[in-house]
Amino acid sequence: MLLTIDVGNTHTVLGLFDGEEIVEHWRISTDSRRTADELAVLLQGLMGTHPLLGMELGEGIDGIAICSTVPAVLHELREVSRRYYGDVPAILVEPGVKTGVPILMDNPKEVGTDRIINAVAAQHLYGGPAIVVDFGTATTFDAVSARGEYTGGVIAPGIEISVEALGLRGAQLRKIELARPRSVIGKSTVEAMQSGILYGFAGQVDGVVQRMACELAPDPADVTVIATGGLAPMVLGEAAVIDHHEPWLTLIGLRLVYERNAGRR
């Protein structure tokens, strides 16, 4: 069994693969203050009762693949891997790890590893040219060329960030539930805010993707658009440009990178 861990700024998503099939997944909050020992206890609590794994920490795990946008958490997970999974091959995605995706950026090292991993999975599943829209703490748009190159992207404030900003900076506004309103024209302040968030972000996705597609391919219709991230389901029904929804895109990319590197470790 392969354990994959995707550490984002807000949430950490864990997936358990049996071959190419993801058989279990968990989502927890990301806390940079957690120590390696605390993370090990948390992992044991999540996986200890799973029928495909043993009760002992690490039992049944044949490999680990990790990517993180939070350096402090990556450091502690490195220690977890060393102390609690010492005999298990582990791949931590960082400079020097083979991904198979050329990065055409001015400074490739500044690109978030999760964005490169998404590009790996998108190229594998759908080929290029493609655009990955990841609805996380930030909403990111990442471009993959027809030759499988990561060519760059767009970073915009995420949905939850925008909701919190409205509640904090609006004198008569407050934080609201992320839900679909009854209509575009809100009949209350809450519905008006929900409408602005939902349809505003859907319009943003359509507009940004259409502009990116024009730069990415001679025929923009040839570009495949994949949505992922925890907040993607909220926008799926309203953004016209999205072709596929793949909630485990990053975890699939981690599996692919593990397979490309495990033999070298």
# chains A, B, ... in the order shown; residues from 1 in each chain; ligands from 1
$ residues_around --residues "range 16-27 of chain A" --least-positions-apart "3" --cutoff "12 Å" --atoms "only C-alpha atoms" --output "ChimeraX atom specification"
/A:1-8,10-13,30,42-43,45-47,49-53,60-65,229-230,247-256,258-259
$ residues_around --residues "range 149-155 of chain A" --least-positions-apart "2" --cutoff "9 Å" --atoms "only C-alpha atoms" --output "list in words"
Gly100, Val101, Pro102, Ile103, Leu104, Met105, Val111, Ile116, Ala119, Val120, Gln123, Gly128, Pro129, Ile131, Ala138, Thr139, Thr140, Phe141, Asp142, Ala143, Val144, Ser145, Ala146, Arg147, Pro157, Gly158, Val208, Met212 and Leu216 of chain A
$ atom_distance --atom1 "CA of Leu77 in chain A" --atom2 "CA of Leu231 in chain A"
25.2 Å
$ select_by_dssp --residues "range 95-237 of chain A" --states "helix (DSSP H, G or I)" --output "MDAnalysis selection string"
chainID A and resid 108:110 113:126 159:169 189:216 220:222 232:236
$ residues_around --residues "Ser183 in chain A" --least-positions-apart "5" --cutoff "10 Å" --atoms "only C-alpha atoms" --output "ChimeraX atom specification"
/A:191-192,194-195
$ write_last_selection --atoms "C-alpha atoms" --output "mmCIF file, in the first residue's frame"
data_model
loop_
_atom_site.group_PDB
_atom_site.id
_atom_site.type_symbol
_atom_site.label_atom_id
_atom_site.label_comp_id
_atom_site.auth_asym_id
_atom_site.auth_seq_id
_atom_site.Cartn_x
_atom_site.Cartn_y
_atom_site.Cartn_z
ATOM 1 C CA GLU A 191 -27.771 35.453 -0.272
ATOM 2 C CA ALA A 192 -26.257 38.458 -2.032
ATOM 3 C CA GLN A 194 -23.266 33.877 -1.545
ATOM 4 C CA SER A 195 -24.253 34.863 -5.078
#
$ atom_distance --atom1 "CA of Arg82 in chain A" --atom2 "CA of Pro108 in chain A"
27.6 Å
$ closest_residue --among "A:Asp222, A:Glu160, A:Glu246, A:Glu76" --to "Asp134 in chain A" --atoms "only C-alpha atoms"
A:Glu246
$ select_by_dssp --residues "range 113-153 of chain A" --states "strand (DSSP E)" --output "PyMOL selection string"
chain A and resi 130-135+138-144+150-153
$ write_last_selection --atoms "N, CA, C and O atoms" --output "PDB file, in the first residue's frame"
ATOM      1  N   ALA A 130      -3.271  21.300 -21.397  1.00  0.00           N
ATOM      2  CA  ALA A 130      -4.270  21.217 -20.332  1.00  0.00           C
ATOM      3  C   ALA A 130      -4.082  22.364 -19.354  1.00  0.00           C
ATOM      4  O   ALA A 130      -2.993  22.942 -19.249  1.00  0.00           O
ATOM      5  N   ILE A 131      -5.161  22.669 -18.656  1.00  0.00           N
ATOM      6  CA  ILE A 131      -5.131  23.665 -17.577  1.00  0.00           C
ATOM      7  C   ILE A 131      -5.747  23.020 -16.349  1.00  0.00           C
ATOM      8  O   ILE A 131      -6.841  22.449 -16.416  1.00  0.00           O
ATOM      9  N   VAL A 132      -5.028  23.096 -15.229  1.00  0.00           N
ATOM     10  CA  VAL A 132      -5.530  22.588 -13.956  1.00  0.00           C
ATOM     11  C   VAL A 132      -5.978  23.768 -13.104  1.00  0.00           C
ATOM     12  O   VAL A 132      -5.204  24.704 -12.873  1.00  0.00           O
ATOM     13  N   VAL A 133      -7.224  23.727 -12.655  1.00  0.00           N
ATOM     14  CA  VAL A 133      -7.751  24.746 -11.747  1.00  0.00           C
ATOM     15  C   VAL A 133      -7.907  24.100 -10.379  1.00  0.00           C
ATOM     16  O   VAL A 133      -8.702  23.174 -10.214  1.00  0.00           O
ATOM     17  N   ASP A 134      -7.127  24.575  -9.425  1.00  0.00           N
ATOM     18  CA  ASP A 134      -7.102  23.982  -8.089  1.00  0.00           C
ATOM     19  C   ASP A 134      -7.735  24.960  -7.105  1.00  0.00           C
ATOM     20  O   ASP A 134      -7.194  26.039  -6.847  1.00  0.00           O
ATOM     21  N   PHE A 135      -8.878  24.567  -6.547  1.00  0.00           N
ATOM     22  CA  PHE A 135      -9.614  25.418  -5.620  1.00  0.00           C
ATOM     23  C   PHE A 135      -9.178  25.107  -4.192  1.00  0.00           C
ATOM     24  O   PHE A 135      -9.740  24.245  -3.527  1.00  0.00           O
ATOM     25  N   ALA A 138      -5.600  29.289  -2.112  1.00  0.00           N
ATOM     26  CA  ALA A 138      -5.621  30.136  -3.302  1.00  0.00           C
ATOM     27  C   ALA A 138      -6.277  29.348  -4.425  1.00  0.00           C
ATOM     28  O   ALA A 138      -6.305  28.114  -4.396  1.00  0.00           O
ATOM     29  N   THR A 139      -6.821  30.063  -5.398  1.00  0.00           N
ATOM     30  CA  THR A 139      -7.279  29.403  -6.615  1.00  0.00           C
ATOM     31  C   THR A 139      -6.153  29.513  -7.621  1.00  0.00           C
ATOM     32  O   THR A 139      -5.775  30.617  -8.024  1.00  0.00           O
ATOM     33  N   THR A 140      -5.576  28.376  -8.010  1.00  0.00           N
ATOM     34  CA  THR A 140      -4.451  28.391  -8.932  1.00  0.00           C
ATOM     35  C   THR A 140      -4.849  27.800 -10.275  1.00  0.00           C
ATOM     36  O   THR A 140      -5.661  26.873 -10.353  1.00  0.00           O
ATOM     37  N   PHE A 141      -4.272  28.360 -11.318  1.00  0.00           N
ATOM     38  CA  PHE A 141      -4.495  27.904 -12.684  1.00  0.00           C
ATOM     39  C   PHE A 141      -3.122  27.539 -13.254  1.00  0.00           C
ATOM     40  O   PHE A 141      -2.239  28.403 -13.331  1.00  0.00           O
ATOM     41  N   ASP A 142      -2.932  26.289 -13.643  1.00  0.00           N
ATOM     42  CA  ASP A 142      -1.625  25.838 -14.104  1.00  0.00           C
ATOM     43  C   ASP A 142      -1.717  25.269 -15.511  1.00  0.00           C
ATOM     44  O   ASP A 142      -2.608  24.465 -15.812  1.00  0.00           O
ATOM     45  N   ALA A 143      -0.776  25.685 -16.351  1.00  0.00           N
ATOM     46  CA  ALA A 143      -0.809  25.349 -17.765  1.00  0.00           C
ATOM     47  C   ALA A 143       0.200  24.260 -18.099  1.00  0.00           C
ATOM     48  O   ALA A 143       1.370  24.330 -17.703  1.00  0.00           O
ATOM     49  N   VAL A 144      -0.266  23.262 -18.841  1.00  0.00           N
ATOM     50  CA  VAL A 144       0.569  22.163 -19.320  1.00  0.00           C
ATOM     51  C   VAL A 144       0.523  22.176 -20.846  1.00  0.00           C
ATOM     52  O   VAL A 144      -0.564  22.147 -21.435  1.00  0.00           O
ATOM     53  N   TYR A 150       5.390  22.162 -17.984  1.00  0.00           N
ATOM     54  CA  TYR A 150       4.703  23.131 -17.124  1.00  0.00           C
ATOM     55  C   TYR A 150       5.143  24.513 -17.581  1.00  0.00           C
ATOM     56  O   TYR A 150       6.318  24.886 -17.444  1.00  0.00           O
ATOM     57  N   THR A 151       4.210  25.298 -18.136  1.00  0.00           N
ATOM     58  CA  THR A 151       4.586  26.568 -18.760  1.00  0.00           C
ATOM     59  C   THR A 151       4.288  27.795 -17.896  1.00  0.00           C
ATOM     60  O   THR A 151       4.657  28.906 -18.269  1.00  0.00           O
ATOM     61  N   GLY A 152       3.633  27.611 -16.760  1.00  0.00           N
ATOM     62  CA  GLY A 152       3.324  28.751 -15.896  1.00  0.00           C
ATOM     63  C   GLY A 152       1.888  28.705 -15.426  1.00  0.00           C
ATOM     64  O   GLY A 152       1.195  27.695 -15.596  1.00  0.00           O
ATOM     65  N   GLY A 153       1.438  29.791 -14.828  1.00  0.00           N
ATOM     66  CA  GLY A 153       0.074  29.778 -14.317  1.00  0.00           C
ATOM     67  C   GLY A 153      -0.380  31.099 -13.756  1.00  0.00           C
ATOM     68  O   GLY A 153       0.248  32.144 -13.967  1.00  0.00           O
TER      69      GLY A 153
END
$ closest_residue --among "A:Tyr85, A:Thr113, A:Glu177, A:Arg182" --to "Lys98 in chain A" --atoms "only C-alpha atoms"
A:Thr113
$ residues_around --residues "Glu79 in chain A" --least-positions-apart "2" --cutoff "12 Å" --atoms "only C-alpha atoms" --output "VMD selection string"
chain A and resid 34 to 40 72 to 77 81 to 86 90 92
$ write_last_selection --atoms "N, CA, C and O atoms" --output "short mmCIF file (atom, residue, chain, number, x, y, z; two decimals), in the first residue's frame"
data_model
loop_
_atom_site.label_atom_id
_atom_site.label_comp_id
_atom_site.auth_asym_id
_atom_site.auth_seq_id
_atom_site.Cartn_x
_atom_site.Cartn_y
_atom_site.Cartn_z
N ARG A 34 2.38 21.33 14.82
CA ARG A 34 2.42 19.91 15.18
C ARG A 34 3.84 19.37 15.04
O ARG A 34 4.52 19.60 14.04
N THR A 35 4.26 18.60 16.04
CA THR A 35 5.56 17.96 15.99
C THR A 35 5.46 16.63 15.25
O THR A 35 4.37 16.13 14.96
N ALA A 36 6.62 16.05 14.98
CA ALA A 36 6.65 14.75 14.31
C ALA A 36 5.92 13.69 15.13
O ALA A 36 5.19 12.85 14.58
N ASP A 37 6.08 13.72 16.45
CA ASP A 37 5.41 12.74 17.30
C ASP A 37 3.89 12.91 17.26
O ASP A 37 3.15 11.93 17.23
N GLU A 38 3.44 14.17 17.25
CA GLU A 38 2.00 14.40 17.17
C GLU A 38 1.44 13.93 15.83
O GLU A 38 0.36 13.35 15.76
N LEU A 39 2.18 14.18 14.76
CA LEU A 39 1.75 13.73 13.45
C LEU A 39 1.70 12.21 13.38
O LEU A 39 0.78 11.63 12.78
N ALA A 40 2.66 11.55 14.01
CA ALA A 40 2.67 10.09 14.02
C ALA A 40 1.45 9.53 14.74
O ALA A 40 0.83 8.56 14.28
N ALA A 72 7.58 24.01 7.31
CA ALA A 72 7.67 23.50 8.67
C ALA A 72 7.04 22.12 8.79
O ALA A 72 7.55 21.25 9.50
N VAL A 73 5.92 21.91 8.10
CA VAL A 73 5.26 20.61 8.14
C VAL A 73 6.08 19.57 7.39
O VAL A 73 6.19 18.42 7.81
N LEU A 74 6.66 19.98 6.27
CA LEU A 74 7.50 19.05 5.51
C LEU A 74 8.67 18.56 6.38
O LEU A 74 9.02 17.38 6.35
N HIS A 75 9.25 19.47 7.14
CA HIS A 75 10.35 19.10 8.03
C HIS A 75 9.91 18.03 9.04
O HIS A 75 10.62 17.04 9.26
N GLU A 76 8.74 18.22 9.63
CA GLU A 76 8.26 17.27 10.63
C GLU A 76 7.86 15.94 9.99
O GLU A 76 8.08 14.88 10.57
N LEU A 77 7.29 15.99 8.79
CA LEU A 77 6.94 14.74 8.10
C LEU A 77 8.19 13.97 7.69
O LEU A 77 8.18 12.73 7.67
N SER A 81 8.78 10.14 8.80
CA SER A 81 9.22 9.08 7.89
C SER A 81 10.46 8.38 8.41
O SER A 81 10.57 7.15 8.36
N ARG A 82 11.40 9.14 8.95
CA ARG A 82 12.65 8.57 9.43
C ARG A 82 12.45 7.74 10.69
O ARG A 82 12.97 6.62 10.81
N ARG A 83 11.68 8.26 11.64
CA ARG A 83 11.56 7.62 12.94
C ARG A 83 10.53 6.49 12.98
O ARG A 83 10.73 5.47 13.65
N TYR A 84 9.42 6.68 12.28
CA TYR A 84 8.31 5.73 12.41
C TYR A 84 8.13 4.82 11.20
O TYR A 84 7.45 3.81 11.28
N TYR A 85 8.70 5.23 10.05
CA TYR A 85 8.60 4.41 8.85
C TYR A 85 10.00 4.19 8.27
O TYR A 85 10.20 4.28 7.06
N GLY A 86 10.95 3.91 9.14
CA GLY A 86 12.34 3.87 8.73
C GLY A 86 12.65 2.88 7.62
O GLY A 86 13.56 3.12 6.82
N ALA A 90 10.51 6.30 1.01
CA ALA A 90 9.74 7.54 1.06
C ALA A 90 10.29 8.53 0.04
O ALA A 90 11.51 8.70 -0.08
N LEU A 92 9.95 12.50 -0.87
CA LEU A 92 9.48 13.83 -0.53
C LEU A 92 9.76 14.71 -1.74
O LEU A 92 10.93 14.85 -2.16
#
$ decode --residues "range 169-216 of chain A" --atoms "C-alpha atoms" --output "compact mmCIF listing (two decimals), in the first residue's frame"
# COMPACT_ATOMS: atom_id res chain seq x y z
CA ARG A 169 -13.71 44.42 6.12
CA GLY A 170 -17.43 44.99 5.56
CA ALA A 171 -18.97 46.97 8.42
CA GLN A 172 -22.41 45.37 7.99
CA LEU A 173 -21.22 42.06 6.59
CA ARG A 174 -20.28 38.84 8.32
CA LYS A 175 -18.75 35.48 7.54
CA ILE A 176 -21.28 33.31 5.71
CA GLU A 177 -21.80 29.66 4.86
CA LEU A 178 -20.51 28.69 1.44
CA ALA A 179 -23.78 27.58 -0.13
CA ARG A 180 -25.72 28.06 -3.34
CA PRO A 181 -28.26 30.92 -3.09
CA ARG A 182 -31.85 30.60 -4.31
CA SER A 183 -31.18 32.96 -7.21
CA VAL A 184 -28.46 35.17 -8.65
CA ILE A 185 -30.24 38.26 -7.34
CA GLY A 186 -30.01 37.80 -3.58
CA LYS A 187 -33.07 38.48 -1.43
CA SER A 188 -30.96 39.01 1.69
CA THR A 189 -27.45 40.18 2.52
CA VAL A 190 -26.33 36.60 3.06
CA GLU A 191 -27.77 35.45 -0.27
CA ALA A 192 -26.26 38.46 -2.03
CA MET A 193 -22.82 37.54 -0.64
CA GLN A 194 -23.27 33.88 -1.55
CA SER A 195 -24.25 34.86 -5.08
CA GLY A 196 -21.25 37.16 -5.42
CA ILE A 197 -18.88 34.44 -4.27
CA LEU A 198 -20.35 31.59 -6.35
CA TYR A 199 -21.01 33.38 -9.62
CA GLY A 200 -18.07 35.74 -9.21
CA PHE A 201 -15.64 32.84 -8.95
CA ALA A 202 -17.35 30.93 -11.76
CA GLY A 203 -16.95 33.98 -13.97
CA GLN A 204 -13.32 34.33 -12.89
CA VAL A 205 -12.60 30.72 -13.81
CA ASP A 206 -14.22 31.06 -17.23
CA GLY A 207 -12.46 34.33 -17.98
CA VAL A 208 -8.97 33.30 -16.83
CA VAL A 209 -9.12 29.86 -18.48
CA GLN A 210 -10.28 31.28 -21.81
CA ARG A 211 -7.40 33.75 -21.85
CA MET A 212 -4.87 31.09 -20.85
CA ALA A 213 -6.16 28.68 -23.50
CA CYS A 214 -5.64 31.29 -26.21
CA GLU A 215 -1.97 31.55 -25.23
CA LEU A 216 -1.49 27.81 -24.68
